[in-house]
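**Student:** I am attaching a structure below and will ask some questions about it afterwards.
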Amino acid sequence: MRENLFDKLNEMRDYYSYLPNFIGNRYVEAETDRYLDSYDPGRGEVIAKVPVSSSKDVEEAVSQAVSAFEKWSRLPIYDRLQHLIRLKVLVEERRDFFARLLSQSVGKTLREARGEIFRAIQAIDSALGSPHLFAMTRKIMNIARTEPEIDMEVVREPLGVFLIISPFNFPIMIPMWFIPWAVTLGNTVIVKPSEQDPTPLIAFVRMFREAGYPEGVVNLVNGDGSTGRMLLTHKDVVGVAFVGSTAVGEKIYAEAAAHGKRALAQTSAKNPVVMMPDASSEQSIENIVGGFFDMAGQRCLAPGLLILVGEAYEKFLNRIIDKVKKIRVGYQLSEEVDMGPLISETARKRIISMINEALESGSKVYLDGREHAPPKGFEKGFYLGPTIIETSPDSKIAHEEIFGPVMPIVKAKDFEEAVQIANTRKYGNTAVIFTSSGKYAREFARRVNVGNVGINVAVAQPDQFFPFPGRKKSFFGVLHGQVDAIDFFTDRKVIIQRWW
Ligand code: NAD
């Protein structure tokens, strides 16, 4: 067996070596020769080797999850819930360790990584209410008039093995949007984390074992898109919760439908932010800048286009630029840093080429992150400084998701034009307005065609007790994995009975 991280999960490391899968409550080596590199993005150095799992690994994980389902799904929901309560305690005890691991592996700052763990715990909290919700959806109805002796009863049943495919930017929180609900409702799961930074989740899943979950209830299979596809098309996988890019989400949704599986896909974004001339200056600027540049812009909820309305342009532009210039870019694990690196050199090059293309086609640059020197001692890291560009609403950079530290700005002559610009983006995750006018705020919330509307907030992020809707190319499906979890992760059965 290769040297691997089985015994190295309790501490931060410079190198985690060959990563294992987690199947049947055990860390196991993948049966493959293909390994991909996972980096510490701030140092630009490989910290782990990620297996591209084979069909044998997929088969083993599915078979464990299928056999675990037999017993697990028959336990009373209250018994299943006890494990989740224990899990919450374990996560709370180790939140600092996981924050550091996340920071190192994703490149997000420690503050941002702590925020991710906080939200993962909140996701557990939201699922702690599942027995009550579950009980409320079960009812008995007699058909009194025609056949008084017949009773009809609706029962909810778990479905089997669910697949969760997650993106690189929240390696723990996003799987935890779904796992607590799926398993408490009686299903078993296989998670396929992003191949770019699976280390934090691999270390995290052992806590399911410690919390007492039986073998095979929660499994993790590493790999790239090819592994994801094998899992998705496996005959014993009943559904998928996918979070990632639209390009992949669209395919997964279609493929799931073709195989008769349940699916939801939360995908890409280009979130417009409208700044009215009457916006309260200081707080608005602070929130807008934080929204764009926290996590180096690598959030599906990060603002993607700043629309300055009328006099807002003269009034706020220079102050925004001054504020952005103060962002301290550096190695993510240093407490002194506001913004860390990007996830990979590929991402850095992609974003630089988007900036180049925008400037070649007539956009104007106010702050050029391409010239930003990497922090001393971290020259190999995937850093890109904050960039501010003025462009036209029709340009490519005003339409496409950037997923990096770039603020494209466009002008709108009035509120009407701003709404029109916001509504002509192909995505529909969020839209935010900064104003001190209730009239404009209300009108905006009503007319903008997105899933989440923010009024004077940096990021329109619903917490775990709300659905996480998206429209247009930002969401595929009907049900959401949190508030609609009872419907997504269970199926209804009507029992019609008569007793003589
Ligand atoms: P990605 O789409 O490249 O990868 C996401 C996951 O899909 C990875 O685990 C990857 O291995 C897997 N995958 C790729 N091809 C596949 C295939 N053919 N079949 C099955 N699985 C496949 O996304 P990413 O770069 O990791 O993440 C960034 C994207 O995620 C951005 O577009 C961002 O907006 C989006 N995102 C959306 C939300 C949301 O809630 N809407 C949240 C976070 C991130």
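Simple scheme: letters A, B, ... for chains in structure tokens order, numbers from 1 for residues in each chain, numbers from 1 for ligands in the order shown.
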Pick out the residues sitting within 8 Å of A:Ile165, and hand them over as a list in words; count only C-alpha atoms, and ignore anything fewer than 5 positions along from it in its own chain.
**Tutor:**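 The residues satisfying every condition are Pro175, Val191, Lys192, Pro193, Ser194, Gly228, Val240, Ala241, Phe242 and Val243 of chain A.
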**Student:** Please, which residues have at least one atom within 9 Å of an atom of ligand 1, using only C-alpha atoms and all ligand atoms, listed as a PyMOL selection string?
**Tutor:** chain A and resi 164-170+174+192-196+222-232+242-249+251-252+255+265-270+298-302+347+401-403+429+468-470+474-475
**Student:** Taking 3 positions as the minimum chain separation for residues in the same chain, which residues sit within 6 Å of stretch 82-90 of chain A when counting only C-alpha atoms? Answer as a list in words.
**Tutor:**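 Residues near the query, excluding close chain neighbours: Asp79, Glu93, Ala211 and Gly212 of chain A.
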**Student:** Would you return as a PyMOL selection string the members of stretch 117-230 of chain A that DSSP assigns to strand (DSSP E or B) on this structure's backbone?
**Tutor:** chain A and resi 140-142+150-158+161-165+188-192+218-220
**Student:** Got time to write the residues from that selection, N, CA, C and O atoms, as a short mmCIF file (atom, residue, chain, number, x, y, z; two decimals), in the first residue's frame?
**Tutor:**
data_model
loop_
_atom_site.label_atom_id
_atom_site.label_comp_id
_atom_site.auth_asym_id
_atom_site.auth_seq_id
_atom_site.Cartn_x
_atom_site.Cartn_y
_atom_site.Cartn_z
N ILE A 140 -53.54 10.97 7.64
CA ILE A 140 -54.51 9.93 7.30
C ILE A 140 -55.81 10.60 6.89
O ILE A 140 -56.23 11.59 7.47
N MET A 141 -56.41 10.07 5.85
CA MET A 141 -57.64 10.70 5.36
C MET A 141 -58.65 9.60 5.06
O MET A 141 -58.37 8.68 4.30
N ASN A 142 -59.80 9.66 5.64
CA ASN A 142 -60.83 8.67 5.33
C ASN A 142 -61.72 9.20 4.21
O ASN A 142 -62.02 10.38 4.15
N ILE A 150 -62.76 2.47 4.38
CA ILE A 150 -61.41 2.51 3.80
C ILE A 150 -60.61 3.70 4.35
O ILE A 150 -61.12 4.81 4.42
N ASP A 151 -59.38 3.43 4.74
CA ASP A 151 -58.48 4.51 5.18
C ASP A 151 -57.38 4.70 4.16
O ASP A 151 -56.90 3.73 3.57
N MET A 152 -57.02 5.92 3.96
CA MET A 152 -55.87 6.20 3.09
C MET A 152 -54.82 6.91 3.91
O MET A 152 -55.12 7.83 4.66
N GLU A 153 -53.61 6.47 3.70
CA GLU A 153 -52.52 7.04 4.49
C GLU A 153 -51.34 7.34 3.57
O GLU A 153 -51.00 6.51 2.73
N VAL A 154 -50.76 8.51 3.75
CA VAL A 154 -49.55 8.82 2.98
C VAL A 154 -48.35 8.55 3.86
O VAL A 154 -48.28 9.06 4.98
N VAL A 155 -47.42 7.74 3.38
CA VAL A 155 -46.17 7.60 4.13
C VAL A 155 -45.02 8.07 3.25
O VAL A 155 -45.11 8.05 2.03
N ARG A 156 -43.97 8.52 3.90
CA ARG A 156 -42.78 8.97 3.18
C ARG A 156 -41.70 7.94 3.36
O ARG A 156 -41.45 7.49 4.49
N GLU A 157 -41.03 7.61 2.30
CA GLU A 157 -39.96 6.63 2.41
C GLU A 157 -38.68 7.17 1.78
O GLU A 157 -38.74 7.84 0.75
N PRO A 158 -37.53 6.86 2.38
CA PRO A 158 -36.27 7.23 1.73
C PRO A 158 -36.11 6.42 0.45
O PRO A 158 -36.76 5.39 0.29
N VAL A 161 -29.62 5.32 -2.53
CA VAL A 161 -28.28 5.94 -2.53
C VAL A 161 -28.32 7.25 -3.32
O VAL A 161 -28.64 7.25 -4.52
N PHE A 162 -27.98 8.35 -2.66
CA PHE A 162 -27.89 9.65 -3.33
C PHE A 162 -26.43 10.02 -3.57
O PHE A 162 -25.56 9.74 -2.74
N LEU A 163 -26.23 10.67 -4.69
CA LEU A 163 -24.89 11.15 -5.05
C LEU A 163 -24.84 12.66 -4.81
O LEU A 163 -25.80 13.37 -5.14
N ILE A 164 -23.73 13.12 -4.25
CA ILE A 164 -23.53 14.56 -4.07
C ILE A 164 -22.22 14.91 -4.78
O ILE A 164 -21.17 14.33 -4.48
N ILE A 165 -22.32 15.82 -5.73
CA ILE A 165 -21.11 16.24 -6.47
C ILE A 165 -20.87 17.70 -6.13
O ILE A 165 -21.75 18.54 -6.33
N THR A 188 -28.69 6.72 2.04
CA THR A 188 -27.24 6.66 2.22
C THR A 188 -26.63 7.52 1.10
O THR A 188 -27.31 7.80 0.10
N VAL A 189 -25.40 7.98 1.29
CA VAL A 189 -24.84 8.92 0.30
C VAL A 189 -23.41 8.54 -0.12
O VAL A 189 -22.66 7.91 0.63
N ILE A 190 -23.11 9.00 -1.34
CA ILE A 190 -21.72 8.98 -1.83
C ILE A 190 -21.41 10.41 -2.25
O ILE A 190 -22.16 11.00 -3.04
N VAL A 191 -20.34 10.95 -1.72
CA VAL A 191 -19.93 12.30 -2.11
C VAL A 191 -18.74 12.19 -3.05
O VAL A 191 -17.80 11.44 -2.79
N LYS A 192 -18.80 12.96 -4.13
CA LYS A 192 -17.64 13.07 -5.03
C LYS A 192 -17.19 14.52 -4.93
O LYS A 192 -17.77 15.41 -5.51
N VAL A 218 -22.30 6.99 4.91
CA VAL A 218 -21.67 8.15 4.26
C VAL A 218 -20.36 7.67 3.63
O VAL A 218 -19.48 7.15 4.32
N ASN A 219 -20.24 7.83 2.33
CA ASN A 219 -19.04 7.37 1.61
C ASN A 219 -18.49 8.51 0.77
O ASN A 219 -19.24 9.41 0.36
N LEU A 220 -17.19 8.45 0.51
CA LEU A 220 -16.57 9.49 -0.32
C LEU A 220 -15.71 8.81 -1.39
O LEU A 220 -14.88 7.95 -1.07
#
**Student:** Quick one: everything within 10 Å of A:Asp368, counting only C-alpha atoms, minus sequence neighbours fewer than 2 positions away in the same chain. Send it as JSON, numbers by chain.
**Tutor:** {"A": [355, 365, 366, 370, 371, 372, 384, 385, 386, 387, 388, 389, 406]}
**Student:** Using only all heavy atoms, please write the residues we just selected to a file, as a short mmCIF file (atom, residue, chain, number, x, y, z; two decimals), in the first residue's frame.
**Tutor:**
data_model
loop_
_atom_site.label_atom_id
_atom_site.label_comp_id
_atom_site.auth_asym_id
_atom_site.auth_seq_id
_atom_site.Cartn_x
_atom_site.Cartn_y
_atom_site.Cartn_z
N ILE A 355 -9.51 39.43 -18.69
CA ILE A 355 -9.17 40.86 -18.54
C ILE A 355 -8.54 41.37 -19.85
O ILE A 355 -8.92 42.43 -20.37
CB ILE A 355 -8.19 41.08 -17.34
CG1 ILE A 355 -8.86 40.65 -16.04
CG2 ILE A 355 -7.73 42.53 -17.27
CD1 ILE A 355 -7.93 40.62 -14.82
N VAL A 365 -9.25 50.15 -17.75
CA VAL A 365 -8.85 49.57 -16.46
C VAL A 365 -8.51 50.66 -15.45
O VAL A 365 -7.80 51.62 -15.78
CB VAL A 365 -7.69 48.55 -16.63
CG1 VAL A 365 -6.38 49.21 -17.03
CG2 VAL A 365 -7.50 47.70 -15.39
N TYR A 366 -9.07 50.57 -14.25
CA TYR A 366 -8.76 51.54 -13.19
C TYR A 366 -7.78 50.97 -12.19
O TYR A 366 -7.06 51.71 -11.52
CB TYR A 366 -10.04 51.94 -12.45
CG TYR A 366 -10.99 52.76 -13.27
CD1 TYR A 366 -12.27 52.32 -13.56
CD2 TYR A 366 -10.60 54.01 -13.79
CE1 TYR A 366 -13.14 53.07 -14.31
CE2 TYR A 366 -11.46 54.76 -14.55
CZ TYR A 366 -12.73 54.30 -14.81
OH TYR A 366 -13.59 55.04 -15.56
N ARG A 370 -3.23 42.37 -12.65
CA ARG A 370 -2.20 41.58 -13.33
C ARG A 370 -0.81 42.06 -12.92
O ARG A 370 0.17 41.34 -13.01
CB ARG A 370 -2.36 41.70 -14.86
CG ARG A 370 -3.66 41.12 -15.38
CD ARG A 370 -3.88 41.46 -16.83
NE ARG A 370 -3.84 42.91 -17.06
CZ ARG A 370 -3.92 43.50 -18.24
NH1 ARG A 370 -4.06 42.76 -19.33
NH2 ARG A 370 -3.87 44.82 -18.35
N GLU A 371 -0.75 43.34 -12.50
CA GLU A 371 0.56 43.90 -12.13
C GLU A 371 0.90 43.69 -10.66
O GLU A 371 1.94 44.12 -10.19
CB GLU A 371 0.55 45.40 -12.43
CG GLU A 371 0.51 45.68 -13.92
CD GLU A 371 0.17 47.13 -14.21
OE1 GLU A 371 -0.04 47.91 -13.25
OE2 GLU A 371 0.09 47.45 -15.40
N HIS A 372 -0.03 43.14 -9.93
CA HIS A 372 0.16 42.98 -8.49
C HIS A 372 1.26 41.95 -8.21
O HIS A 372 1.17 40.81 -8.65
CB HIS A 372 -1.16 42.50 -7.88
CG HIS A 372 -1.28 42.76 -6.42
ND1 HIS A 372 -0.60 42.02 -5.48
CD2 HIS A 372 -1.99 43.67 -5.75
CE1 HIS A 372 -0.90 42.49 -4.29
NE2 HIS A 372 -1.75 43.49 -4.42
N LEU A 384 -3.58 36.91 -7.85
CA LEU A 384 -3.98 37.92 -8.81
C LEU A 384 -4.55 39.06 -7.97
O LEU A 384 -5.41 38.84 -7.11
CB LEU A 384 -5.06 37.36 -9.75
CG LEU A 384 -5.59 38.29 -10.83
CD1 LEU A 384 -4.49 38.69 -11.82
CD2 LEU A 384 -6.75 37.63 -11.60
N GLY A 385 -4.04 40.27 -8.20
CA GLY A 385 -4.52 41.41 -7.42
C GLY A 385 -5.92 41.81 -7.84
O GLY A 385 -6.41 41.43 -8.90
N PRO A 386 -6.59 42.63 -7.00
CA PRO A 386 -7.93 43.11 -7.35
C PRO A 386 -7.88 43.98 -8.61
O PRO A 386 -6.94 44.76 -8.79
CB PRO A 386 -8.33 43.96 -6.15
CG PRO A 386 -7.39 43.61 -5.06
CD PRO A 386 -6.14 43.12 -5.69
N THR A 387 -8.88 43.80 -9.45
CA THR A 387 -8.92 44.52 -10.73
C THR A 387 -10.26 45.24 -10.86
O THR A 387 -11.30 44.68 -10.51
CB THR A 387 -8.76 43.51 -11.88
OG1 THR A 387 -7.47 42.91 -11.77
CG2 THR A 387 -8.89 44.17 -13.25
N ILE A 388 -10.21 46.48 -11.35
CA ILE A 388 -11.46 47.22 -11.61
C ILE A 388 -11.45 47.67 -13.07
O ILE A 388 -10.48 48.28 -13.53
CB ILE A 388 -11.60 48.45 -10.69
CG1 ILE A 388 -11.53 48.01 -9.23
CG2 ILE A 388 -12.90 49.20 -10.96
CD1 ILE A 388 -11.63 49.15 -8.22
N ILE A 389 -12.54 47.34 -13.74
CA ILE A 389 -12.65 47.63 -15.17
C ILE A 389 -13.95 48.35 -15.45
O ILE A 389 -14.99 47.95 -14.92
CB ILE A 389 -12.63 46.30 -15.97
CG1 ILE A 389 -11.23 45.72 -16.02
CG2 ILE A 389 -13.16 46.48 -17.37
CD1 ILE A 389 -11.16 44.36 -16.67
N VAL A 406 -12.29 40.44 -9.80
CA VAL A 406 -12.45 41.48 -10.82
C VAL A 406 -13.81 42.14 -10.65
O VAL A 406 -14.81 41.45 -10.50
CB VAL A 406 -12.37 40.86 -12.25
CG1 VAL A 406 -12.50 41.95 -13.31
CG2 VAL A 406 -11.08 40.07 -12.42
#
**Student:** Which residues come within 9 Å of A:Asn423, counting only C-alpha atoms, excluding same-chain residues fewer than 6 positions away, as a PDB file with N, CA, C and O atoms, in the first residue's frame?
**Tutor:**
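Printed below is result-v2.pdb as written:
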ATOM      1  N   PRO A 272     -25.648  40.882 -10.520  1.00  0.00           N
ATOM      2  CA  PRO A 272     -25.550  42.327 -10.657  1.00  0.00           C
ATOM      3  C   PRO A 272     -25.769  43.048  -9.322  1.00  0.00           C
ATOM      4  O   PRO A 272     -26.573  42.609  -8.499  1.00  0.00           O
ATOM      5  N   ARG A 447     -39.116  43.249  -9.337  1.00  0.00           N
ATOM      6  CA  ARG A 447     -38.922  43.117 -10.787  1.00  0.00           C
ATOM      7  C   ARG A 447     -37.698  42.321 -11.222  1.00  0.00           C
ATOM      8  O   ARG A 447     -37.593  41.896 -12.375  1.00  0.00           O
ATOM      9  N   VAL A 448     -36.756  42.156 -10.341  1.00  0.00           N
ATOM     10  CA  VAL A 448     -35.520  41.530 -10.796  1.00  0.00           C
ATOM     11  C   VAL A 448     -35.715  40.004 -10.851  1.00  0.00           C
ATOM     12  O   VAL A 448     -36.317  39.406  -9.956  1.00  0.00           O
ATOM     13  N   ASN A 449     -35.231  39.408 -11.947  1.00  0.00           N
ATOM     14  CA  ASN A 449     -35.526  37.997 -12.211  1.00  0.00           C
ATOM     15  C   ASN A 449     -34.403  37.080 -11.712  1.00  0.00           C
ATOM     16  O   ASN A 449     -33.615  36.547 -12.496  1.00  0.00           O
ATOM     17  N   VAL A 450     -34.326  36.942 -10.385  1.00  0.00           N
ATOM     18  CA  VAL A 450     -33.280  36.112  -9.765  1.00  0.00           C
ATOM     19  C   VAL A 450     -33.885  35.340  -8.596  1.00  0.00           C
ATOM     20  O   VAL A 450     -35.011  35.633  -8.176  1.00  0.00           O
TER      21      VAL A 450
END
**Student:** Need the shell around A:Val91: protein/DNA/RNA residues with any atom at most 12 Å away, counting only C-alpha atoms. Skip same-chain ones fewer than 4 positions apart. Format as a VMD selection string?
**Tutor:** chain A and resid 84 to 87 95 to 99 114 116 to 125 172 to 173 176 203 to 208 210 to 211
**Student:** Taking only C-alpha atoms into account, name the residue in A:Tyr440, A:Phe488, A:Tyr427, A:Phe178 that is nearest to A:Asn452.
**Tutor:**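 Once distances to A:Asn452 are computed over only C-alpha atoms, the minimum belongs to A:Tyr427.
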**Student:** Rank A:Glu31, A:Glu112, A:Glu314, A:Glu416 by their smallest atom-to-atom distance to A:Gly297, using only C-alpha atoms, and report the top residue only.
**Tutor:** A:Glu112
**Student:** With DSSP run on the backbone, what are the alpha helix (DSSP H) residues within stretch 142-376 of chain A? I'd like them as a ChimeraX atom specification.
**Tutor:** /A:173-184,199-210,225-233,246-258,281-293,312-325,345-360
**Student:** Between A:Ser280, A:Thr184, A:Thr430, A:Gln420, which one has atoms that come closest to A:Gly304, using only C-alpha atoms?
**Tutor:**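 Closest residue, counting only C-alpha atoms: A:Thr430.
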